[in-house]
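K.L.:
File upload17.cif below, mmCIF, C-alpha atoms and all ligand atoms:
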```
data_final
#
loop_
_atom_site.group_PDB
_atom_site.id
_atom_site.type_symbol
_atom_site.label_atom_id
_atom_site.label_comp_id
_atom_site.auth_asym_id
_atom_site.auth_seq_id
_atom_site.Cartn_x
_atom_site.Cartn_y
_atom_site.Cartn_z
ATOM 1 C CA MET A 1 16.944 7.732 6.098
ATOM 2 C CA LEU A 2 15.025 11.000 5.911
ATOM 3 C CA LYS A 3 16.898 12.486 8.846
ATOM 4 C CA GLN A 4 20.127 11.685 7.027
ATOM 5 C CA GLY A 5 18.905 13.583 3.972
ATOM 6 C CA GLY A 6 17.527 10.609 2.014
ATOM 7 C CA THR A 7 14.681 10.924 -0.468
ATOM 8 C CA ALA A 8 11.025 10.259 0.282
ATOM 9 C CA LEU A 9 11.057 7.514 -2.355
ATOM 10 C CA ASP A 10 13.990 5.710 -0.768
ATOM 11 C CA ALA A 11 12.336 6.004 2.645
ATOM 12 C CA ILE A 12 8.943 4.611 1.646
ATOM 13 C CA GLU A 13 10.506 1.765 -0.305
ATOM 14 C CA ALA A 14 12.698 0.841 2.680
ATOM 15 C CA ALA A 15 9.749 1.025 5.106
ATOM 16 C CA VAL A 16 7.512 -1.131 2.923
ATOM 17 C CA ARG A 17 10.297 -3.667 2.323
ATOM 18 C CA LEU A 18 10.676 -4.120 6.096
ATOM 19 C CA LEU A 19 6.958 -4.780 6.421
ATOM 20 C CA GLU A 20 6.938 -7.154 3.419
ATOM 21 C CA ASP A 21 9.737 -9.144 5.072
ATOM 22 C CA ASP A 22 7.772 -9.375 8.347
ATOM 23 C CA PRO A 23 5.398 -12.402 8.310
ATOM 24 C CA VAL A 24 2.926 -10.564 10.563
ATOM 25 C CA PHE A 25 1.678 -8.421 7.686
ATOM 26 C CA ASN A 26 -0.402 -9.232 4.614
ATOM 27 C CA ALA A 27 2.378 -8.345 2.162
ATOM 28 C CA GLY A 28 5.463 -10.180 0.954
ATOM 29 C CA ILE A 29 5.957 -13.062 3.422
ATOM 30 C CA GLY A 30 2.614 -13.671 5.150
ATOM 31 C CA SER A 31 0.436 -12.538 2.255
ATOM 32 C CA ALA A 32 -3.240 -13.455 2.171
ATOM 33 C CA LEU A 33 -3.797 -16.508 -0.030
ATOM 34 C CA THR A 34 -5.903 -17.157 -3.111
ATOM 35 C CA ARG A 35 -8.583 -19.840 -3.032
ATOM 36 C CA GLU A 36 -5.936 -22.170 -4.412
ATOM 37 C CA GLY A 37 -3.584 -21.503 -1.519
ATOM 38 C CA THR A 38 -1.061 -19.468 -3.500
ATOM 39 C CA ALA A 39 0.275 -15.972 -2.812
ATOM 40 C CA GLU A 40 -0.307 -13.367 -5.560
ATOM 41 C CA LEU A 41 1.108 -9.983 -4.634
ATOM 42 C CA ASP A 42 0.174 -6.435 -5.689
ATOM 43 C CA ALA A 43 2.204 -3.258 -5.050
ATOM 44 C CA SER A 44 2.639 0.296 -6.265
ATOM 45 C CA VAL A 45 4.724 3.405 -5.734
ATOM 46 C CA MET A 46 4.331 7.047 -6.788
ATOM 47 C CA ASN A 47 6.621 10.083 -6.884
ATOM 48 C CA GLY A 48 4.712 13.269 -6.054
ATOM 49 C CA ALA A 49 7.288 15.581 -7.663
ATOM 50 C CA THR A 50 7.041 14.081 -11.156
ATOM 51 C CA LEU A 51 3.779 12.117 -10.915
ATOM 52 C CA ALA A 52 5.817 9.111 -12.044
ATOM 53 C CA ALA A 53 4.240 5.857 -10.881
ATOM 54 C CA GLY A 54 4.968 2.154 -11.049
ATOM 55 C CA SER A 55 2.944 -0.873 -10.108
ATOM 56 C CA VAL A 56 2.732 -4.639 -10.353
ATOM 57 C CA ALA A 57 -0.145 -7.038 -9.839
ATOM 58 C CA CYS A 58 -0.442 -10.813 -9.441
ATOM 59 C CA VAL A 59 3.248 -11.491 -8.969
ATOM 60 C CA SER A 60 4.057 -14.734 -7.214
ATOM 61 C CA CYS A 61 7.845 -15.058 -7.066
ATOM 62 C CA PHE A 62 9.138 -11.827 -5.489
ATOM 63 C CA GLN A 63 9.312 -11.144 -1.770
ATOM 64 C CA ASN A 64 9.471 -7.358 -2.245
ATOM 65 C CA PRO A 65 7.006 -6.357 -4.940
ATOM 66 C CA VAL A 66 7.394 -2.702 -3.884
ATOM 67 C CA THR A 67 10.912 -2.762 -5.315
ATOM 68 C CA LEU A 68 9.624 -4.364 -8.503
ATOM 69 C CA ALA A 69 7.011 -1.586 -8.739
ATOM 70 C CA ARG A 70 9.746 1.034 -8.318
ATOM 71 C CA ARG A 71 11.750 -0.627 -11.082
ATOM 72 C CA VAL A 72 8.705 -0.466 -13.370
ATOM 73 C CA MET A 73 8.499 3.265 -12.585
ATOM 74 C CA GLU A 74 12.181 4.010 -13.087
ATOM 75 C CA GLN A 75 13.446 1.362 -15.506
ATOM 76 C CA SER A 76 10.555 0.847 -17.929
ATOM 77 C CA PRO A 77 8.405 3.141 -20.062
ATOM 78 C CA HIS A 78 5.306 1.679 -18.377
ATOM 79 C CA VAL A 79 3.244 2.318 -15.259
ATOM 80 C CA MET A 80 1.839 -1.159 -14.622
ATOM 81 C CA LEU A 81 2.928 -4.723 -15.342
ATOM 82 C CA VAL A 82 0.996 -7.828 -14.301
ATOM 83 C CA GLY A 83 1.498 -11.548 -13.852
ATOM 84 C CA GLN A 84 4.056 -13.350 -15.975
ATOM 85 C CA GLY A 85 5.105 -10.180 -17.775
ATOM 86 C CA ALA A 86 5.865 -8.430 -14.487
ATOM 87 C CA GLU A 87 7.814 -11.473 -13.315
ATOM 88 C CA ALA A 88 9.858 -11.623 -16.544
ATOM 89 C CA PHE A 89 10.664 -7.923 -16.097
ATOM 90 C CA GLY A 90 11.746 -8.527 -12.492
ATOM 91 C CA ARG A 91 14.019 -11.369 -13.579
ATOM 92 C CA ALA A 92 15.505 -9.169 -16.311
ATOM 93 C CA GLN A 93 16.138 -6.534 -13.630
ATOM 94 C CA GLY A 94 18.052 -9.112 -11.602
ATOM 95 C CA LEU A 95 15.710 -8.997 -8.607
ATOM 96 C CA PRO A 96 15.908 -12.098 -6.387
ATOM 97 C CA VAL A 97 13.319 -14.745 -7.235
ATOM 98 C CA VAL A 98 11.735 -16.851 -4.484
ATOM 99 C CA ALA A 99 9.525 -19.947 -4.523
ATOM 100 C CA ASN A 100 5.875 -19.080 -3.915
ATOM 101 C CA GLU A 101 5.877 -21.295 -0.797
ATOM 102 C CA ARG A 102 8.358 -18.913 0.803
ATOM 103 C CA LEU A 103 5.637 -16.246 0.866
ATOM 104 C CA VAL A 104 3.059 -18.599 2.424
ATOM 105 C CA THR A 105 2.822 -18.754 6.228
ATOM 106 C CA ALA A 106 0.917 -21.199 8.442
ATOM 107 C CA ALA A 107 -1.186 -18.294 9.747
ATOM 108 C CA ALA A 108 -2.244 -17.284 6.227
ATOM 109 C CA ARG A 109 -3.105 -20.915 5.461
ATOM 110 C CA ARG A 110 -5.202 -21.074 8.630
ATOM 111 C CA ASP A 111 -7.022 -17.880 7.640
ATOM 112 C CA LEU A 112 -7.855 -19.437 4.265
ATOM 113 C CA GLU A 113 -9.072 -22.686 5.830
ATOM 114 C CA THR A 114 -11.241 -20.931 8.424
ATOM 115 C CA HIS A 115 -12.560 -18.273 5.999
ATOM 116 C CA ARG A 116 -11.013 -15.538 8.098
ATOM 117 C CA ARG A 117 -9.678 -12.421 6.420
ATOM 118 C CA SER A 118 -5.908 -11.856 6.675
ATOM 119 C CA PHE A 119 -5.422 -8.243 7.700
ATOM 120 C CA GLY A 120 -2.290 -6.162 7.325
ATOM 121 C CA THR A 121 -1.837 -4.575 3.913
ATOM 122 C CA VAL A 122 1.121 -2.232 4.300
ATOM 123 C CA GLY A 123 1.783 1.291 3.063
ATOM 124 C CA ALA A 124 4.042 4.252 3.626
ATOM 125 C CA VAL A 125 3.936 7.968 2.859
ATOM 126 C CA ALA A 126 6.732 10.487 3.301
ATOM 127 C CA ILE A 127 7.918 14.012 2.619
ATOM 128 C CA ASP A 128 11.648 14.719 2.313
ATOM 129 C CA GLY A 129 13.866 17.774 2.749
ATOM 130 C CA GLN A 130 13.271 18.788 -0.875
ATOM 131 C CA GLY A 131 9.514 18.837 -0.256
ATOM 132 C CA THR A 132 8.977 15.776 -2.431
ATOM 133 C CA LEU A 133 6.073 13.538 -1.438
ATOM 134 C CA ALA A 134 5.947 9.803 -2.110
ATOM 135 C CA ALA A 135 3.574 6.919 -1.370
ATOM 136 C CA ALA A 136 3.768 3.134 -1.634
ATOM 137 C CA THR A 137 1.396 0.248 -0.897
ATOM 138 C CA SER A 138 1.928 -3.524 -0.898
ATOM 139 C CA THR A 139 -0.462 -6.416 -0.260
ATOM 140 C CA GLY A 140 -1.311 -10.065 -0.760
ATOM 141 C CA GLY A 141 -4.883 -8.916 -1.380
ATOM 142 C CA THR A 142 -7.961 -10.558 0.137
ATOM 143 C CA THR A 143 -8.085 -14.075 1.546
ATOM 144 C CA GLY A 144 -9.728 -16.607 -0.777
ATOM 145 C CA LYS A 145 -9.590 -14.305 -3.805
ATOM 146 C CA TRP A 146 -9.733 -15.753 -7.291
ATOM 147 C CA PRO A 147 -6.316 -16.116 -8.858
ATOM 148 C CA GLY A 148 -5.934 -13.103 -11.134
ATOM 149 C CA ARG A 149 -7.954 -10.802 -8.884
ATOM 150 C CA VAL A 150 -6.471 -7.287 -8.700
ATOM 151 C CA GLY A 151 -7.286 -5.045 -5.731
ATOM 152 C CA ASP A 152 -6.859 -1.329 -5.175
ATOM 153 C CA SER A 153 -3.272 -1.454 -3.931
ATOM 154 C CA PRO A 154 -1.542 -1.507 -7.347
ATOM 155 C CA LEU A 155 -4.038 0.890 -8.956
ATOM 156 C CA ILE A 156 -2.791 4.480 -9.035
ATOM 157 C CA GLY A 157 -5.449 6.800 -7.630
ATOM 158 C CA CYS A 158 -7.151 3.935 -5.775
ATOM 159 C CA GLY A 159 -4.737 2.409 -3.237
ATOM 160 C CA THR A 160 -1.863 4.845 -3.811
ATOM 161 C CA TYR A 161 -1.444 8.446 -4.929
ATOM 162 C CA ALA A 162 1.159 11.194 -4.551
ATOM 163 C CA ASP A 163 1.213 14.756 -5.850
ATOM 164 C CA ASP A 164 3.480 17.402 -4.300
ATOM 165 C CA LYS A 165 0.701 19.962 -4.757
ATOM 166 C CA LYS A 166 -1.877 17.819 -2.852
ATOM 167 C CA ALA A 167 -0.834 14.898 -0.682
ATOM 168 C CA ALA A 168 0.706 11.431 -0.637
ATOM 169 C CA VAL A 169 -1.816 8.741 0.289
ATOM 170 C CA SER A 170 -1.787 4.984 0.902
ATOM 171 C CA CYS A 171 -4.973 2.990 1.542
ATOM 172 C CA THR A 172 -6.017 -0.333 3.012
ATOM 173 C CA GLY A 173 -9.381 -2.072 3.167
ATOM 174 C CA LEU A 174 -11.757 -3.784 0.792
ATOM 175 C CA GLY A 175 -10.216 -3.216 -2.624
ATOM 176 C CA GLU A 176 -13.447 -3.673 -4.523
ATOM 177 C CA ALA A 177 -14.960 -0.703 -2.637
ATOM 178 C CA ILE A 178 -11.811 1.449 -2.667
ATOM 179 C CA ILE A 179 -11.515 1.128 -6.444
ATOM 180 C CA ARG A 180 -15.065 2.341 -6.973
ATOM 181 C CA VAL A 181 -14.449 5.629 -5.148
ATOM 182 C CA THR A 182 -10.785 6.064 -6.266
ATOM 183 C CA LEU A 183 -10.019 6.661 -2.613
ATOM 184 C CA ALA A 184 -6.366 7.777 -2.653
ATOM 185 C CA ARG A 185 -6.853 10.385 -5.364
ATOM 186 C CA HIS A 186 -10.029 11.594 -3.683
ATOM 187 C CA ALA A 187 -8.253 12.135 -0.349
ATOM 188 C CA ALA A 188 -5.381 13.956 -2.098
ATOM 189 C CA ASP A 189 -7.842 16.200 -3.941
ATOM 190 C CA LEU A 190 -9.538 17.156 -0.667
ATOM 191 C CA VAL A 191 -6.184 18.240 0.788
ATOM 192 C CA GLY A 192 -5.557 20.135 -2.451
ATOM 193 C CA LEU A 193 -8.828 21.989 -1.906
ATOM 194 C CA GLY A 194 -7.515 23.232 1.431
ATOM 195 C CA LEU A 195 -8.926 20.771 3.955
ATOM 196 C CA ASP A 196 -6.946 19.864 7.063
ATOM 197 C CA GLY A 197 -5.273 16.455 6.622
ATOM 198 C CA PHE A 198 -7.433 14.648 9.203
ATOM 199 C CA GLU A 199 -10.621 16.208 7.824
ATOM 200 C CA ALA A 200 -9.664 15.190 4.275
ATOM 201 C CA ALA A 201 -8.853 11.647 5.429
ATOM 202 C CA ARG A 202 -12.175 11.349 7.296
ATOM 203 C CA GLN A 203 -14.274 12.732 4.445
ATOM 204 C CA ALA A 204 -12.564 10.476 1.908
ATOM 205 C CA VAL A 205 -13.058 7.353 4.046
ATOM 206 C CA SER A 206 -16.728 8.265 4.597
ATOM 207 C CA THR A 207 -17.371 8.019 0.832
ATOM 208 C CA LEU A 208 -16.714 4.280 1.200
ATOM 209 C CA GLN A 209 -20.137 3.825 2.796
ATOM 210 C CA ARG A 210 -21.780 4.205 -0.617
ATOM 211 C CA ALA A 211 -19.488 1.567 -2.077
ATOM 212 C CA GLY A 212 -20.181 -0.841 0.782
ATOM 213 C CA GLY A 213 -16.793 -1.435 2.339
ATOM 214 C CA ASP A 214 -14.471 -0.527 5.163
ATOM 215 C CA ALA A 215 -11.115 1.103 4.638
ATOM 216 C CA GLY A 216 -8.425 3.262 6.137
ATOM 217 C CA LEU A 217 -5.727 5.531 4.821
ATOM 218 C CA ILE A 218 -2.605 7.386 5.838
ATOM 219 C CA LEU A 219 -1.513 10.649 4.253
ATOM 220 C CA VAL A 220 1.087 13.376 4.408
ATOM 221 C CA THR A 221 0.463 16.921 3.171
ATOM 222 C CA PRO A 222 2.932 19.281 1.434
ATOM 223 C CA ALA A 223 3.152 21.159 4.766
ATOM 224 C CA GLY A 224 4.316 17.942 6.425
ATOM 225 C CA GLN A 225 1.104 17.159 8.321
ATOM 226 C CA LEU A 226 0.700 13.423 8.952
ATOM 227 C CA ALA A 227 -2.931 12.278 9.130
ATOM 228 C CA TRP A 228 -5.081 9.166 8.903
ATOM 229 C CA ALA A 229 -8.639 7.889 9.169
ATOM 230 C CA PHE A 230 -10.286 4.486 9.108
ATOM 231 C CA SER A 231 -13.752 2.975 9.282
ATOM 232 C CA THR A 232 -12.429 -0.372 10.524
ATOM 233 C CA GLN A 233 -12.087 -0.979 14.277
ATOM 234 C CA ARG A 234 -8.318 -0.567 14.193
ATOM 235 C CA MET A 235 -5.524 0.431 11.879
ATOM 236 C CA SER A 236 -1.913 0.030 12.995
ATOM 237 C CA ARG A 237 0.269 2.982 12.151
ATOM 238 C CA ALA A 238 3.560 4.525 13.156
ATOM 239 C CA TRP A 239 5.258 7.781 12.306
ATOM 240 C CA VAL A 240 8.379 9.794 12.733
ATOM 241 C CA SER A 241 8.934 13.500 12.104
ATOM 242 C CA ASP A 242 11.451 16.141 13.120
ATOM 243 C CA ASP A 243 9.754 16.691 16.456
ATOM 244 C CA SER A 244 7.743 13.567 17.230
ATOM 245 C CA GLU A 245 7.465 9.867 16.728
ATOM 246 C CA GLY A 246 4.922 7.329 17.820
ATOM 247 C CA SER A 247 2.516 4.598 16.907
ATOM 248 C CA GLY A 248 -1.152 3.805 17.270
ATOM 249 C CA PHE A 249 -3.645 1.021 16.800
ATOM 250 C CA GLY A 250 -7.142 2.120 17.840
ATOM 251 C CA PRO A 251 -9.270 5.109 16.891
ATOM 252 C CA ASP A 252 -7.269 7.746 18.781
ATOM 253 C CA ARG A 253 -5.275 10.472 17.098
ATOM 254 C CA ALA A 254 -2.029 9.953 18.966
HETATM 255 N N1 LIG A 301 -6.774 -3.380 -0.058
HETATM 256 C C1 LIG A 301 -6.311 -4.746 -0.139
HETATM 257 C C2 LIG A 301 -6.945 -5.405 -1.338
HETATM 258 O O1 LIG A 301 -8.146 -5.289 -1.517
HETATM 259 C C3 LIG A 301 -6.613 -5.575 1.064
HETATM 260 C C4 LIG A 301 -6.433 -4.922 2.411
HETATM 261 O O2 LIG A 301 -6.039 -3.772 2.496
HETATM 262 O O3 LIG A 301 -6.703 -5.587 3.429
HETATM 263 O O4 LIG A 301 -6.262 -6.090 -2.067
#
```
Taking this structure as input, can you express it in the form of structure tokens?
Ligand code: ASP

P.N.:
Amino acid sequence: MLKQGGTALDAIEAAVRLLEDDPVFNAGIGSALTREGTAELDASVMNGATLAAGSVACVSCFQNPVTLARRVMEQSPHVMLVGQGAEAFGRAQGLPVVANERLVTAAARRDLETHRRSFGTVGAVAIDGQGTLAAATSTGGTTGKWPGRVGDSPLIGCGTYADDKKAAVSCTGLGEAIIRVTLARHAADLVGLGLDGFEAARQAVSTLQRAGGDAGLILVTPAGQLAWAFSTQRMSRAWVSDDSEGSGFGPDRA
């Protein structure tokens, strides 16, 4: 989309929708489950040119909460809608409604039963030909969470942030820790202060130690540098730019 002149916002929404539709990831279909075995989804999106943002939390009947978050940003006067109110807004917007069971996979159920964490929150960051940055994040949250729990992913400045003057950032990891250090905004600020993208990502992730959690993030700078860091063992990522494309899993840079 970007190579064809599309906007950063369209690109990140499309990328996150693909990942939400893929049952492998903890977002959309395949979301981590609450202690009651239901899927409650969180997502957010931010436009770095205007600082417009939209987010939803605890929605249970949409397969692509990232699109709902974008609608909140563009079609409502609000930044964040939660639960039944967010769902009523999505219905009023004509977005397709799905049964909660459609979002629940056997693998996520097994994770809940065996007290294993479902990994795979998804996010995307992009810069387009106009120099606009955008970021989006989408997740089912943490396995076994209380219904009503909200993680970092839908909180602007925590799981997601974008500012054309700093960076676009999307985070994954333990939401309760990420929220306490406002990780996405912190990483963007470090780029804004002049740090190299990888150095900013590493320094931001290292602040998580004080908050007692592991996390990772991806970012793109106004100069188009793509960077990431994580304190977990692995973090799957993939990228495409004018002159390179690739993917990674472990703690290498390539
Ligand atoms: N950050 C997500 C949350 O706490 C979970 C994750 O990234 O694994 O809701």

K.L.:
Take the PyMOL selection byres (((chain A and resi 119-125) around 9) and not hetatm), apply it to the structure above, and return the hits as a ChimeraX atom specification.

P.N.:
/A:8-9,11-13,15-16,19-20,24-27,31-32,117-118,126-127,133-143,153,160,162,168-173,217-220,226,235-236

K.L.:
Might you pull out every residue within 9 Å of segment 203-212 of chain A, with all atoms listed in the file counted and same-chain residues fewer than 2 positions away left off, and present them as a list in words?

P.N.:
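Listing them by chain and then by number gives Leu174, Glu176, Ala177, Ile178, Arg180, Val181, Leu183, Ala184, His186, Ala187, Ala188, Leu190, Phe198, Glu199, Ala200, Ala201, Asp214, Ala215, Gly216, Leu217, Ala229, Phe230 and Ser231 of chain A.
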
K.L.:
For the residues in that selection, give me C-alpha atoms as a short mmCIF file (atom, residue, chain, number, x, y, z; two decimals), keeping the file's coordinate frame.

P.N.:
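The resulting file, part-v3.cif, is shown below:
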```cif
data_model
loop_
_atom_site.label_atom_id
_atom_site.label_comp_id
_atom_site.auth_asym_id
_atom_site.auth_seq_id
_atom_site.Cartn_x
_atom_site.Cartn_y
_atom_site.Cartn_z
CA LEU A 174 -11.76 -3.78 0.79
CA GLU A 176 -13.45 -3.67 -4.52
CA ALA A 177 -14.96 -0.70 -2.64
CA ILE A 178 -11.81 1.45 -2.67
CA ARG A 180 -15.06 2.34 -6.97
CA VAL A 181 -14.45 5.63 -5.15
CA LEU A 183 -10.02 6.66 -2.61
CA ALA A 184 -6.37 7.78 -2.65
CA HIS A 186 -10.03 11.59 -3.68
CA ALA A 187 -8.25 12.14 -0.35
CA ALA A 188 -5.38 13.96 -2.10
CA LEU A 190 -9.54 17.16 -0.67
CA PHE A 198 -7.43 14.65 9.20
CA GLU A 199 -10.62 16.21 7.82
CA ALA A 200 -9.66 15.19 4.28
CA ALA A 201 -8.85 11.65 5.43
CA ASP A 214 -14.47 -0.53 5.16
CA ALA A 215 -11.12 1.10 4.64
CA GLY A 216 -8.43 3.26 6.14
CA LEU A 217 -5.73 5.53 4.82
CA ALA A 229 -8.64 7.89 9.17
CA PHE A 230 -10.29 4.49 9.11
CA SER A 231 -13.75 2.98 9.28
#
```

K.L.:
On this structure, the PyMOL selection byres (((chain A and resi 36) around 9) and not hetatm) would catch which residues? List them as a list of chain:residue names, sorted by chain and number.

P.N.:
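With the shown file as input, the PyMOL selection byres (((chain A and resi 36) around 9) and not hetatm) matches A:Leu33, A:Thr34, A:Arg35, A:Gly37, A:Thr38, A:Ala39, A:Gly144, A:Lys145, A:Trp146, A:Pro147.
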
K.L.:
Which one is closest to ligand LIG 301 (chain A): A:Val240, A:Ala49, A:Ala106, A:Val150? Count all atoms listed in the file.

P.N.:
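Closest candidate: A:Val150.
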
K.L.:
For a cut-off of 9 Å around (-3.2, -0.3, 19.6), file coordinates, pick out all residues using all atoms listed in the file and list them as a PyMOL selection string.

P.N.:
chain A and resi 234-237+247-251

K.L.:
Between A:Ala88, A:Ala107, A:Val97, A:Ala69, which residue has the minimum interatomic distance to Pro154 of chain A, considering all atoms listed in the file?

P.N.:
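Checking each candidate against Pro154 of chain A, we get A:Ala69 as the closest.
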
K.L.:
Given 6 Å of margin on each side, can you work out the centre and size in Å (one decimal) of an axis-aligned box holding every listed atom of ligand LIG 301 (chain A), as JSON?

P.N.:
```
{"center_x": -7.1, "center_y": -4.7, "center_z": 0.7, "size_x": 14.1, "size_y": 14.7, "size_z": 17.5}
```

K.L.:
Distance atom CA of Gly151 of chain A-atom O1 of ligand LIG 301 (chain A), one decimal place?

P.N.:
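Between these atoms lies a distance of 4.3 Å.
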
K.L.:
Quick one: pull the distance between atom CA of Pro23 of chain A and atom CA of Gln63 of chain A, Å, one decimal.

P.N.:
10.9 Å

K.L.:
From the options A:Gln93, A:Gln84, A:Thr114, A:Ser44, which residue's atoms come nearest to ligand LIG 301 (chain A), counting only C-alpha atoms and all ligand atoms?

P.N.:
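Of all the options, A:Ser44 lies closest to ligand LIG 301 (chain A).
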
K.L.:
Using the chain letters and numbers from the file, give me the residues hit by the PyMOL selection byres (((chain A and resi 83) around 8) and not hetatm), as a list in words.

P.N.:
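Evaluating the PyMOL selection byres (((chain A and resi 83) around 8) and not hetatm) on this file yields Val56, Ala57, Cys58, Val59, Ser60, Leu81, Val82, Gln84, Gly85, Ala86 and Glu87 of chain A.
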
K.L.:
When distances are computed from all atoms listed in the file, which of A:Ala223, A:Leu195, A:Ala43, A:Leu95 shows the smallest separation from ligand LIG 301 (chain A)?

P.N.:
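Of all the options, A:Ala43 lies closest to ligand LIG 301 (chain A).
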
K.L.:
Is it possible to get the residues within 9 Å of (13.8, -13.7, -5.2) (coordinates as in the file, counting all atoms listed in the file) written as a PyMOL selection string?

P.N.:
chain A and resi 61-64+91+94-99

K.L.:
Considering only C-alpha atoms and all ligand atoms, state which residue in the set A:Asp21, A:Glu40, A:Asp128, A:Asp164 is at the smallest distance from ligand LIG 301 (chain A).

P.N.:
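Of all the options, A:Glu40 lies closest to ligand LIG 301 (chain A).
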
K.L.:
Could you state the separation of atom CA of Arg17 of chain A and atom CA of Leu68 of chain A in Å, given to one decimal place?

P.N.:
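Rounded to one decimal, the two atoms are 10.9 Å apart.
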
K.L.:
Because some atoms of segment 176-191 of chain A are absent here, can you restore N, CA, C and O atoms and send them as a JSON list (two decimals), keeping the file's coordinate frame?

P.N.:
```json
[["chain", "number", "residue", "atom", "x", "y", "z"],
["A", 176, "GLU", "N", -12.34, -3.84, -3.58],
["A", 176, "GLU", "CA", -13.45, -3.67, -4.52],
["A", 176, "GLU", "C", -14.22, -2.38, -4.24],
["A", 176, "GLU", "O", -14.77, -1.76, -5.16],
["A", 177, "ALA", "N", -14.29, -1.97, -2.98],
["A", 177, "ALA", "CA", -14.96, -0.70, -2.64],
["A", 177, "ALA", "C", -14.04, 0.49, -2.89],
["A", 177, "ALA", "O", -14.47, 1.52, -3.43],
["A", 178, "ILE", "N", -12.77, 0.34, -2.52],
["A", 178, "ILE", "CA", -11.81, 1.45, -2.67],
["A", 178, "ILE", "C", -11.68, 1.85, -4.13],
["A", 178, "ILE", "O", -11.62, 3.03, -4.48],
["A", 179, "ILE", "N", -11.65, 0.85, -5.01],
["A", 179, "ILE", "CA", -11.52, 1.13, -6.44],
["A", 179, "ILE", "C", -12.69, 1.98, -6.92],
["A", 179, "ILE", "O", -12.52, 2.93, -7.69],
["A", 180, "ARG", "N", -13.88, 1.67, -6.44],
["A", 180, "ARG", "CA", -15.06, 2.34, -6.97],
["A", 180, "ARG", "C", -15.14, 3.81, -6.58],
["A", 180, "ARG", "O", -15.83, 4.59, -7.24],
["A", 181, "VAL", "N", -14.44, 4.20, -5.50],
["A", 181, "VAL", "CA", -14.45, 5.63, -5.15],
["A", 181, "VAL", "C", -13.08, 6.28, -5.38],
["A", 181, "VAL", "O", -12.86, 7.42, -4.99],
["A", 182, "THR", "N", -12.16, 5.57, -6.04],
["A", 182, "THR", "CA", -10.78, 6.06, -6.27],
["A", 182, "THR", "C", -10.29, 6.83, -5.03],
["A", 182, "THR", "O", -10.03, 8.02, -5.06],
["A", 183, "LEU", "N", -10.17, 6.06, -3.94],
["A", 183, "LEU", "CA", -10.02, 6.66, -2.61],
["A", 183, "LEU", "C", -8.76, 7.52, -2.44],
["A", 183, "LEU", "O", -8.82, 8.61, -1.88],
["A", 184, "ALA", "N", -7.62, 7.04, -2.91],
["A", 184, "ALA", "CA", -6.37, 7.78, -2.65],
["A", 184, "ALA", "C", -6.38, 9.13, -3.37],
["A", 184, "ALA", "O", -6.02, 10.16, -2.79],
["A", 185, "ARG", "N", -6.80, 9.13, -4.61],
["A", 185, "ARG", "CA", -6.85, 10.38, -5.36],
["A", 185, "ARG", "C", -7.89, 11.32, -4.74],
["A", 185, "ARG", "O", -7.68, 12.53, -4.67],
["A", 186, "HIS", "N", -8.99, 10.76, -4.29],
["A", 186, "HIS", "CA", -10.03, 11.59, -3.68],
["A", 186, "HIS", "C", -9.49, 12.29, -2.43],
["A", 186, "HIS", "O", -9.69, 13.50, -2.24],
["A", 187, "ALA", "N", -8.81, 11.53, -1.58],
["A", 187, "ALA", "CA", -8.25, 12.14, -0.35],
["A", 187, "ALA", "C", -7.24, 13.23, -0.70],
["A", 187, "ALA", "O", -7.23, 14.30, -0.09],
["A", 188, "ALA", "N", -6.39, 12.96, -1.69],
["A", 188, "ALA", "CA", -5.38, 13.96, -2.10],
["A", 188, "ALA", "C", -6.06, 15.21, -2.62],
["A", 188, "ALA", "O", -5.65, 16.34, -2.32],
["A", 189, "ASP", "N", -7.12, 15.04, -3.41],
["A", 189, "ASP", "CA", -7.84, 16.20, -3.94],
["A", 189, "ASP", "C", -8.43, 17.05, -2.82],
["A", 189, "ASP", "O", -8.43, 18.28, -2.90],
["A", 190, "LEU", "N", -8.94, 16.40, -1.78],
["A", 190, "LEU", "CA", -9.54, 17.16, -0.67],
["A", 190, "LEU", "C", -8.47, 17.99, 0.05],
["A", 190, "LEU", "O", -8.74, 19.13, 0.43],
["A", 191, "VAL", "N", -7.27, 17.44, 0.21],
["A", 191, "VAL", "CA", -6.18, 18.24, 0.79],
["A", 191, "VAL", "C", -5.86, 19.40, -0.16],
["A", 191, "VAL", "O", -5.66, 20.54, 0.27]]
```
